file protein-v3.txt (compact mmCIF, C-alpha atoms)
# COMPACT_ATOMS: atom_id res chain seq x y z
CA MET A 246 -37.13 -7.44 -118.72
CA LYS A 247 -40.69 -6.32 -117.99
CA LYS A 248 -43.29 -6.93 -120.70
CA THR A 249 -45.76 -4.08 -121.09
CA LEU A 250 -48.92 -4.39 -123.16
CA ILE A 251 -50.41 -1.29 -124.77
CA ALA A 252 -54.03 -1.61 -125.90
CA HIS A 253 -55.15 0.68 -128.71
CA SER A 254 -57.71 0.79 -131.49
CA PRO A 255 -57.01 -0.63 -134.99
CA ASP A 256 -57.56 2.70 -136.70
CA ALA A 257 -54.69 4.33 -138.55
CA ASP A 258 -53.94 7.17 -136.12
CA ASP A 259 -53.46 4.86 -133.11
CA ILE A 260 -51.32 2.48 -135.15
CA PHE A 261 -49.23 5.37 -136.49
CA MET A 262 -48.66 6.82 -133.01
CA TYR A 263 -47.60 3.46 -131.54
CA TYR A 264 -45.53 1.84 -134.29
CA ALA A 265 -42.33 3.81 -133.72
CA ILE A 266 -42.10 1.55 -130.67
CA LYS A 267 -43.13 -1.58 -132.58
CA PHE A 268 -40.45 -0.95 -135.22
CA GLY A 269 -37.79 -0.39 -132.55
CA TRP A 270 -37.22 3.32 -133.19
CA VAL A 271 -38.13 4.15 -129.58
CA ASP A 272 -37.55 1.98 -126.52
CA MET A 273 -37.50 2.07 -122.72
CA LYS A 274 -34.86 0.54 -120.49
CA ASP A 275 -35.65 -2.96 -119.19
CA THR A 276 -39.03 -2.93 -120.93
CA HIS A 277 -40.43 -4.88 -123.85
CA PHE A 278 -43.56 -3.34 -125.34
CA ASP A 279 -46.27 -5.35 -127.04
CA ASN A 280 -49.62 -4.21 -128.37
CA ILE A 281 -53.17 -5.39 -128.89
CA ALA A 282 -55.75 -3.70 -131.12
CA LYS A 283 -59.47 -3.65 -130.27
CA ASP A 284 -62.38 -1.43 -131.27
CA ILE A 285 -62.73 1.66 -129.10
CA GLN A 286 -65.85 0.62 -127.20
CA THR A 287 -64.23 -2.70 -126.24
CA LEU A 288 -61.24 -0.73 -124.98
CA ASN A 289 -63.55 1.55 -123.00
CA GLU A 290 -65.19 -1.48 -121.42
CA ASP A 291 -61.80 -3.02 -120.69
CA ALA A 292 -60.75 0.22 -118.99
CA LEU A 293 -63.86 0.10 -116.80
CA LYS A 294 -62.79 -3.43 -115.78
CA GLY A 295 -59.15 -2.41 -115.27
CA VAL A 296 -57.83 -4.96 -117.78
CA TYR A 297 -54.74 -3.11 -119.07
CA ASP A 298 -51.99 -0.97 -117.57
CA ILE A 299 -51.98 1.36 -120.60
CA VAL A 300 -55.09 1.66 -122.75
CA ALA A 301 -56.61 3.92 -125.39
CA ILE A 302 -59.96 5.39 -124.35
CA SER A 303 -62.61 7.84 -125.46
CA PHE A 304 -62.23 11.11 -123.59
CA ALA A 305 -65.91 10.95 -122.61
CA LEU A 306 -65.20 7.79 -120.61
CA TYR A 307 -62.45 9.24 -118.45
CA PRO A 308 -64.46 10.66 -115.50
CA ASN A 309 -65.81 7.13 -114.94
CA ILE A 310 -62.31 5.65 -114.50
CA ARG A 311 -60.58 8.59 -112.81
CA GLU A 312 -59.86 6.73 -109.57
CA GLU A 313 -58.14 3.81 -111.33
CA TYR A 314 -56.41 5.53 -114.26
CA ALA A 315 -54.50 8.74 -114.97
CA PRO A 316 -54.81 10.37 -118.39
CA LEU A 317 -51.63 10.56 -120.45
CA ARG A 318 -50.63 13.85 -122.01
CA THR A 319 -49.75 12.23 -125.33
CA ALA A 320 -51.21 10.20 -128.22
CA VAL A 321 -54.37 12.31 -128.25
CA SER A 322 -56.86 12.83 -131.08
CA PHE A 323 -58.99 15.95 -131.44
CA GLY A 324 -61.25 17.31 -134.15
CA GLU A 325 -60.52 20.82 -135.44
CA GLY A 326 -63.48 21.78 -137.62
CA TYR A 327 -64.20 18.09 -138.28
CA GLY A 328 -64.96 14.87 -136.46
CA PRO A 329 -67.43 11.96 -136.52
CA LYS A 330 -70.31 12.31 -138.97
CA LEU A 331 -73.97 11.40 -138.68
CA ILE A 332 -74.76 9.86 -142.06
CA LYS A 333 -77.92 8.52 -143.71
CA ARG A 334 -79.04 7.27 -147.13
CA LYS A 335 -79.28 10.08 -149.66
CA GLY A 336 -82.62 11.83 -149.76
CA GLN A 337 -83.96 10.14 -146.64
CA LYS A 338 -85.77 12.29 -144.10
CA LEU A 339 -85.13 11.30 -140.48
CA ARG A 340 -87.95 11.23 -137.96
CA ARG A 341 -87.42 12.43 -134.40
CA ASN A 342 -87.19 8.83 -133.16
CA PHE A 343 -84.99 7.55 -135.99
CA LYS A 344 -82.97 4.40 -135.46
CA VAL A 345 -79.23 5.06 -135.32
CA ALA A 346 -76.04 3.02 -135.04
CA LEU A 347 -73.33 4.29 -132.70
CA SER A 348 -69.86 2.89 -132.08
CA GLY A 349 -70.30 2.42 -128.34
CA LYS A 350 -72.04 3.74 -125.26
CA HIS A 351 -68.95 5.37 -123.76
CA THR A 352 -67.56 7.10 -126.85
CA THR A 353 -67.40 10.87 -127.08
CA ASN A 354 -69.60 10.91 -130.16
CA ALA A 355 -72.24 8.81 -128.38
CA MET A 356 -72.46 11.25 -125.48
CA LEU A 357 -72.81 14.24 -127.78
CA PHE A 358 -75.33 12.41 -129.96
CA ARG A 359 -77.50 11.36 -127.01
CA ILE A 360 -77.62 14.97 -125.79
CA ALA A 361 -78.54 16.29 -129.24
CA TYR A 362 -81.02 13.52 -130.17
CA PRO A 363 -82.69 12.30 -126.97
CA GLU A 364 -85.55 10.57 -128.82
CA ALA A 365 -83.40 8.55 -131.23
CA ARG A 366 -83.43 4.75 -130.92
CA ILE A 367 -79.82 3.66 -130.50
CA SER A 368 -78.14 0.45 -131.55
CA TYR A 369 -74.51 0.01 -130.53
CA MET A 370 -72.23 -1.91 -132.87
CA ASN A 371 -68.62 -2.23 -133.97
CA PHE A 372 -67.62 0.92 -135.86
CA LEU A 373 -66.67 -1.20 -138.89
CA GLU A 374 -70.28 -2.36 -139.27
CA ILE A 375 -72.03 1.00 -139.15
CA GLU A 376 -71.74 2.07 -142.79
CA ASP A 377 -73.16 -1.22 -144.07
CA ALA A 378 -75.94 -1.13 -141.50
CA VAL A 379 -77.08 2.23 -142.90
CA LYS A 380 -76.70 1.15 -146.54
CA GLU A 381 -78.72 -2.02 -145.92
CA GLY A 382 -81.50 -0.19 -144.05
CA LYS A 383 -80.91 -1.94 -140.73
CA VAL A 384 -80.79 1.53 -139.19
CA ASP A 385 -81.89 4.93 -140.47
CA ALA A 386 -78.56 6.61 -139.75
CA GLY A 387 -75.19 6.03 -138.16
CA VAL A 388 -72.30 7.97 -136.71
CA LEU A 389 -69.11 7.22 -138.60
CA ILE A 390 -65.74 7.48 -136.88
CA HIS A 391 -62.09 6.83 -137.75
CA GLU A 392 -61.17 6.44 -141.43
CA SER A 393 -64.76 5.89 -142.56
CA ILE A 394 -65.45 9.64 -142.32
CA LEU A 395 -63.29 9.95 -145.44
CA THR A 396 -64.30 6.83 -147.34
CA PHE A 397 -68.06 6.28 -146.94
CA ALA A 398 -70.13 5.20 -149.94
CA ASN A 399 -71.58 7.64 -152.49
CA GLU A 400 -75.16 6.56 -151.73
CA LEU A 401 -74.80 8.05 -148.25
CA GLU A 402 -74.79 11.67 -147.18
CA VAL A 403 -74.01 13.65 -144.04
CA GLU A 404 -77.04 14.60 -141.98
CA ARG A 405 -75.02 16.48 -139.38
CA GLU A 406 -71.44 16.95 -138.28
CA MET A 407 -70.71 16.03 -134.69
CA TRP A 408 -68.36 19.02 -134.74
CA ASP A 409 -71.39 21.31 -135.10
CA ILE A 410 -73.15 19.65 -132.16
CA TRP A 411 -69.99 20.05 -130.08
CA GLN A 412 -69.65 23.75 -130.91
CA GLU A 413 -73.28 24.42 -130.01
CA LEU A 414 -72.92 22.63 -126.67
CA ALA A 415 -69.52 24.16 -125.88
CA GLY A 416 -70.70 27.68 -126.67
CA LYS A 417 -67.37 28.60 -128.25
CA GLU A 418 -64.92 27.19 -130.76
CA LEU A 419 -62.81 24.56 -129.03
CA PRO A 420 -61.15 21.44 -130.45
CA LEU A 421 -63.33 18.35 -130.10
CA PRO A 422 -61.76 15.85 -127.64
CA LEU A 423 -62.13 12.37 -129.11
CA GLY A 424 -59.55 9.90 -127.83
CA GLY A 425 -56.47 9.59 -125.66
CA MET A 426 -54.54 7.16 -123.49
CA ALA A 427 -54.85 6.26 -119.82
CA ILE A 428 -52.41 4.55 -117.44
CA ARG A 429 -53.14 2.55 -114.31
CA ARG A 430 -52.64 4.57 -111.10
CA SER A 431 -51.35 1.56 -109.16
CA LEU A 432 -48.13 1.51 -111.21
CA PRO A 433 -45.01 2.89 -109.46
CA LEU A 434 -44.94 6.63 -110.13
CA ASN A 435 -41.43 6.72 -111.55
CA ARG A 436 -42.34 3.94 -113.99
CA ALA A 437 -45.57 5.68 -115.02
CA ILE A 438 -43.56 8.83 -115.74
CA ASP A 439 -41.12 6.83 -117.88
CA TYR A 440 -44.02 5.25 -119.79
CA GLU A 441 -45.46 8.66 -120.57
CA LYS A 442 -42.07 9.99 -121.70
CA THR A 443 -41.55 6.96 -123.95
CA LEU A 444 -44.98 7.20 -125.55
CA THR A 445 -44.57 10.95 -126.06
CA LYS A 446 -41.24 10.32 -127.78
CA ALA A 447 -42.89 7.65 -129.95
CA VAL A 448 -45.51 10.11 -131.23
CA GLN A 449 -42.82 12.75 -131.81
CA VAL A 450 -40.63 10.31 -133.74
CA ALA A 451 -43.63 9.15 -135.76
CA ARG A 452 -44.36 12.73 -136.77
CA ASP A 453 -40.70 13.43 -137.54
CA HIS A 454 -40.57 10.38 -139.82
CA LYS A 455 -44.15 10.46 -141.06
CA GLU A 456 -43.42 9.66 -144.71
CA ARG A 457 -41.19 6.68 -143.95
CA LEU A 458 -43.47 5.31 -141.24
CA SER A 459 -46.59 5.72 -143.39
CA HIS A 460 -44.90 3.85 -146.24
CA MET A 461 -44.02 0.98 -143.88
CA LEU A 462 -47.59 0.78 -142.57
CA ILE A 463 -48.98 0.62 -146.11
CA GLU A 464 -46.33 -1.81 -147.34
CA ARG A 465 -46.97 -4.23 -144.46
CA ASP A 466 -50.77 -3.97 -144.75
CA LEU A 467 -51.10 -2.60 -141.20
CA VAL A 468 -53.77 -0.02 -142.06
CA ARG A 469 -57.07 -0.35 -143.91
CA ILE A 470 -56.67 2.63 -146.25
CA ASP A 471 -54.55 3.68 -149.21
CA ALA A 472 -51.59 6.03 -149.04
CA GLN A 473 -53.49 9.15 -150.11
CA THR A 474 -56.26 8.61 -147.56
CA LEU A 475 -53.71 7.80 -144.85
CA GLU A 476 -51.91 11.08 -145.50
CA LYS A 477 -55.14 13.04 -145.13
CA TYR A 478 -56.32 11.05 -142.11
CA LEU A 479 -53.08 11.44 -140.15
CA GLU A 480 -53.23 15.20 -140.58
CA LEU A 481 -56.67 15.09 -138.97
CA TYR A 482 -56.04 12.82 -135.99
CA ALA A 483 -52.31 12.09 -135.57
CA ASN A 484 -50.85 15.52 -136.19
CA ASP A 485 -48.39 17.71 -134.28
CA ASP A 486 -51.13 18.54 -131.75
CA SER A 487 -51.23 14.84 -130.82
CA ILE A 488 -47.75 14.88 -129.28
CA THR A 489 -48.64 16.54 -125.99
CA LEU A 490 -51.73 18.25 -124.61
CA SER A 491 -51.91 22.03 -124.99
CA ASP A 492 -53.76 24.61 -122.88
CA ILE A 493 -56.62 24.85 -125.40
CA GLN A 494 -56.94 21.06 -125.41
CA TYR A 495 -57.10 20.98 -121.61
CA GLU A 496 -59.84 23.60 -121.78
CA ALA A 497 -61.74 21.55 -124.36
CA ILE A 498 -61.55 18.36 -122.29
CA ASP A 499 -62.81 20.19 -119.22
CA LYS A 500 -65.67 21.62 -121.26
CA LEU A 501 -66.57 18.11 -122.45
CA PHE A 502 -66.62 16.90 -118.84
CA GLU A 503 -68.69 19.93 -117.80
CA ILE A 504 -71.25 19.19 -120.51
CA GLY A 505 -71.34 15.53 -119.49
CA TYR A 506 -71.88 16.40 -115.83
CA GLU A 507 -74.64 18.90 -116.64
CA HIS A 508 -76.48 16.20 -118.61
CA GLY A 509 -76.14 13.49 -115.97
CA PHE A 510 -73.35 11.40 -117.48
CA TYR A 511 -70.98 11.84 -114.50
CA ASP A 512 -71.41 11.87 -110.76
CA ARG A 513 -69.36 15.02 -110.14
CA PRO A 514 -67.49 17.82 -111.95
CA VAL A 515 -64.03 16.78 -113.14
CA SER A 516 -60.99 18.79 -114.30
CA ILE A 517 -58.46 16.80 -116.32
CA ARG A 518 -55.38 18.49 -114.82
CA ASP A 519 -56.30 17.18 -111.36
CA TYR A 520 -55.68 13.61 -112.52
CA LEU A 521 -52.49 13.84 -114.56
CA ILE A 522 -49.29 11.99 -113.62
CA PRO A 523 -47.31 14.41 -111.38
CA THR A 524 -44.16 14.65 -113.50
CA GLU A 525 -42.60 17.09 -111.03
CA TYR A 526 -41.82 14.00 -108.94
CA THR A 527 -38.83 13.30 -111.23
CA ALA A 528 -37.28 16.72 -110.55
CA LEU A 529 -37.85 16.35 -106.82
CA ARG A 530 -36.28 12.89 -106.81
CA GLU A 531 -33.21 14.15 -108.68
CA SER A 532 -32.73 17.29 -106.58
call {"tool": "encode", "arguments": {"input": "protein-v3.txt", "output": "structure tokens"}}
result
Amino acid sequence: MKKTLIAHSPDADDIFMYYAIKFGWVDMKDTHFDNIAKDIQTLNEDALKGVYDIVAISFALYPNIREEYAPLRTAVSFGEGYGPKLIKRKGQKLRRNFKVALSGKHTTNAMLFRIAYPEARISYMNFLEIEDAVKEGKVDAGVLIHESILTFANELEVEREMWDIWQELAGKELPLPLGGMAIRRSLPLNRAIDYEKTLTKAVQVARDHKERLSHMLIERDLVRIDAQTLEKYLELYANDDSITLSDIQYEAIDKLFEIGYEHGFYDRPVSIRDYLIPTEYTALRES
């Protein structure tokens, strides 16, 4: 039996979308899945190094790994009128060159922030440390991601929504592409297709059994938030639109890549559909 390691972030949406496999509700023939959780920037850096066969990434990273990895159509997180938040201490006025904490150089929010605030002085740190860094005055502001957008302290306030920056740059209302999964291109194609099908089924099963799965995650202390916050958070980032990419999501990802290319983040224009796993191979093989 082949052992397959899936690397994802420790935030609740990634855990929720994977744990139907961990709990044995979904499986794949002759394959044993295991998982490892790391913060998103570490995963982005691991993807650049080609560490894992299947890895969660920020969408903004993908053009930089397009030759080594294919994007998966499933386990995706988008913002729809919401997203990461630039926060500061209440009443504080930010200067043009304010000091800010971001969750990693290759995250989607970092790319959008750097475009919107080119004079800001950036410190990169683990996303779990950002709120405290702002509260303690180590930085003037920070961009919160994951569950912290719902739970940050009362002495902090939102300076700007990253959603608003995204809409201004995109020029139209599109969902904000935050995170997804990528799979190594060197894997046999038929196996890569099976991996994608299995992971898609896992997200579907998780959604179909959301209440039961959420209870198990809370009961086993696998997430950092309470039941009420988990319910709200999953509807933001692990919802029915996370099961498989839609046409509007493809359009949004391409717009993100277009914006990144125009601002010098990528070496060439990229369209996400050009790099997907060619699932038509299965039909051809069976015909």
call {"tool": "residues_around", "arguments": {"input": "protein-v3.txt", "residues": "range 345-351 of chain A", "least_positions_apart": "5", "cutoff": "8 Å", "atoms": "all atoms listed in the file", "output": "PyMOL selection string"}}
result
chain A and resi 285-286+289+303+305-306+356+365-372+375+378-379+384-390
call {"tool": "closest_atom_pairs", "arguments": {"input": "protein-v3.txt", "of": "range 293-374 of chain A", "to": "range 432-448 of chain A", "cutoff": "10 Å", "atoms": "all atoms listed in the file", "output": "tab-separated table"}}
result
residue	atom	partner	partner_atom	distance
A:Asp298	CA	A:Leu432	CA	7.8
A:Ile299	CA	A:Tyr440	CA	8.9
A:Tyr314	CA	A:Leu432	CA	9.7
A:Ala315	CA	A:Ala437	CA	9.4
A:Pro316	CA	A:Glu441	CA	9.8
A:Leu317	CA	A:Glu441	CA	6.5
A:Arg318	CA	A:Glu441	CA	7.5
A:Thr319	CA	A:Thr445	CA	5.4
A:Ala320	CA	A:Val448	CA	6.4
A:Val321	CA	A:Val448	CA	9.6
call {"tool": "closest_atom_pairs", "arguments": {"input": "protein-v3.txt", "of": "range 383-437 of chain A", "to": "range 486-490 of chain A", "cutoff": "12 Å", "atoms": "all atoms listed in the file", "output": "tab-separated table"}}
result
residue	atom	partner	partner_atom	distance
A:Pro420	CA	A:Asp486	CA	10.5
A:Pro422	CA	A:Leu490	CA	10.7
A:Leu423	CA	A:Ser487	CA	11.3
A:Gly424	CA	A:Ser487	CA	10.1
A:Gly425	CA	A:Ser487	CA	9.0
A:Met426	CA	A:Ser487	CA	11.1
call {"tool": "closest_residue", "arguments": {"input": "protein-v3.txt", "among": "A:Val515, A:Ala472, A:Leu458, A:Ile493", "to": "Trp270 in chain A", "atoms": "all atoms listed in the file"}}
result
A:Leu458
call {"tool": "atom_distance", "arguments": {"input": "protein-v3.txt", "atom1": "CA of Leu479 in chain A", "atom2": "CA of Ala257 in chain A"}}
result
7.5 Å
call {"tool": "atom_distance", "arguments": {"input": "protein-v3.txt", "atom1": "CA of Lys283 in chain A", "atom2": "CA of Ile522 in chain A"}}
result
25.0 Å
call {"tool": "residues_around", "arguments": {"input": "protein-v3.txt", "residues": "Lys248 in chain A", "least_positions_apart": "5", "cutoff": "6 Å", "atoms": "only C-alpha atoms", "output": "ChimeraX atom specification"}}
result
/A:276-278
call {"tool": "residues_around", "arguments": {"input": "protein-v3.txt", "residues": "Arg334 in chain A", "least_positions_apart": "3", "cutoff": "10 Å", "atoms": "only C-alpha atoms", "output": "PyMOL selection string"}}
result
chain A and resi 337-339+376+379-382+384-387+398-404
call {"tool": "atom_distance", "arguments": {"input": "protein-v3.txt", "atom1": "CA of Ser393 in chain A", "atom2": "CA of Ile360 in chain A"}}
result
23.0 Å
call {"tool": "closest_residue", "arguments": {"input": "protein-v3.txt", "among": "A:Val450, A:Leu414, A:Met461, A:Ile428", "to": "Phe502 in chain A", "atoms": "all atoms listed in the file"}}
result
A:Leu414
call {"tool": "closest_residue", "arguments": {"input": "protein-v3.txt", "among": "A:Ala282, A:Ala252, A:Ile302, A:Ala497", "to": "Glu325 in chain A", "atoms": "only C-alpha atoms"}}
result
A:Ala497
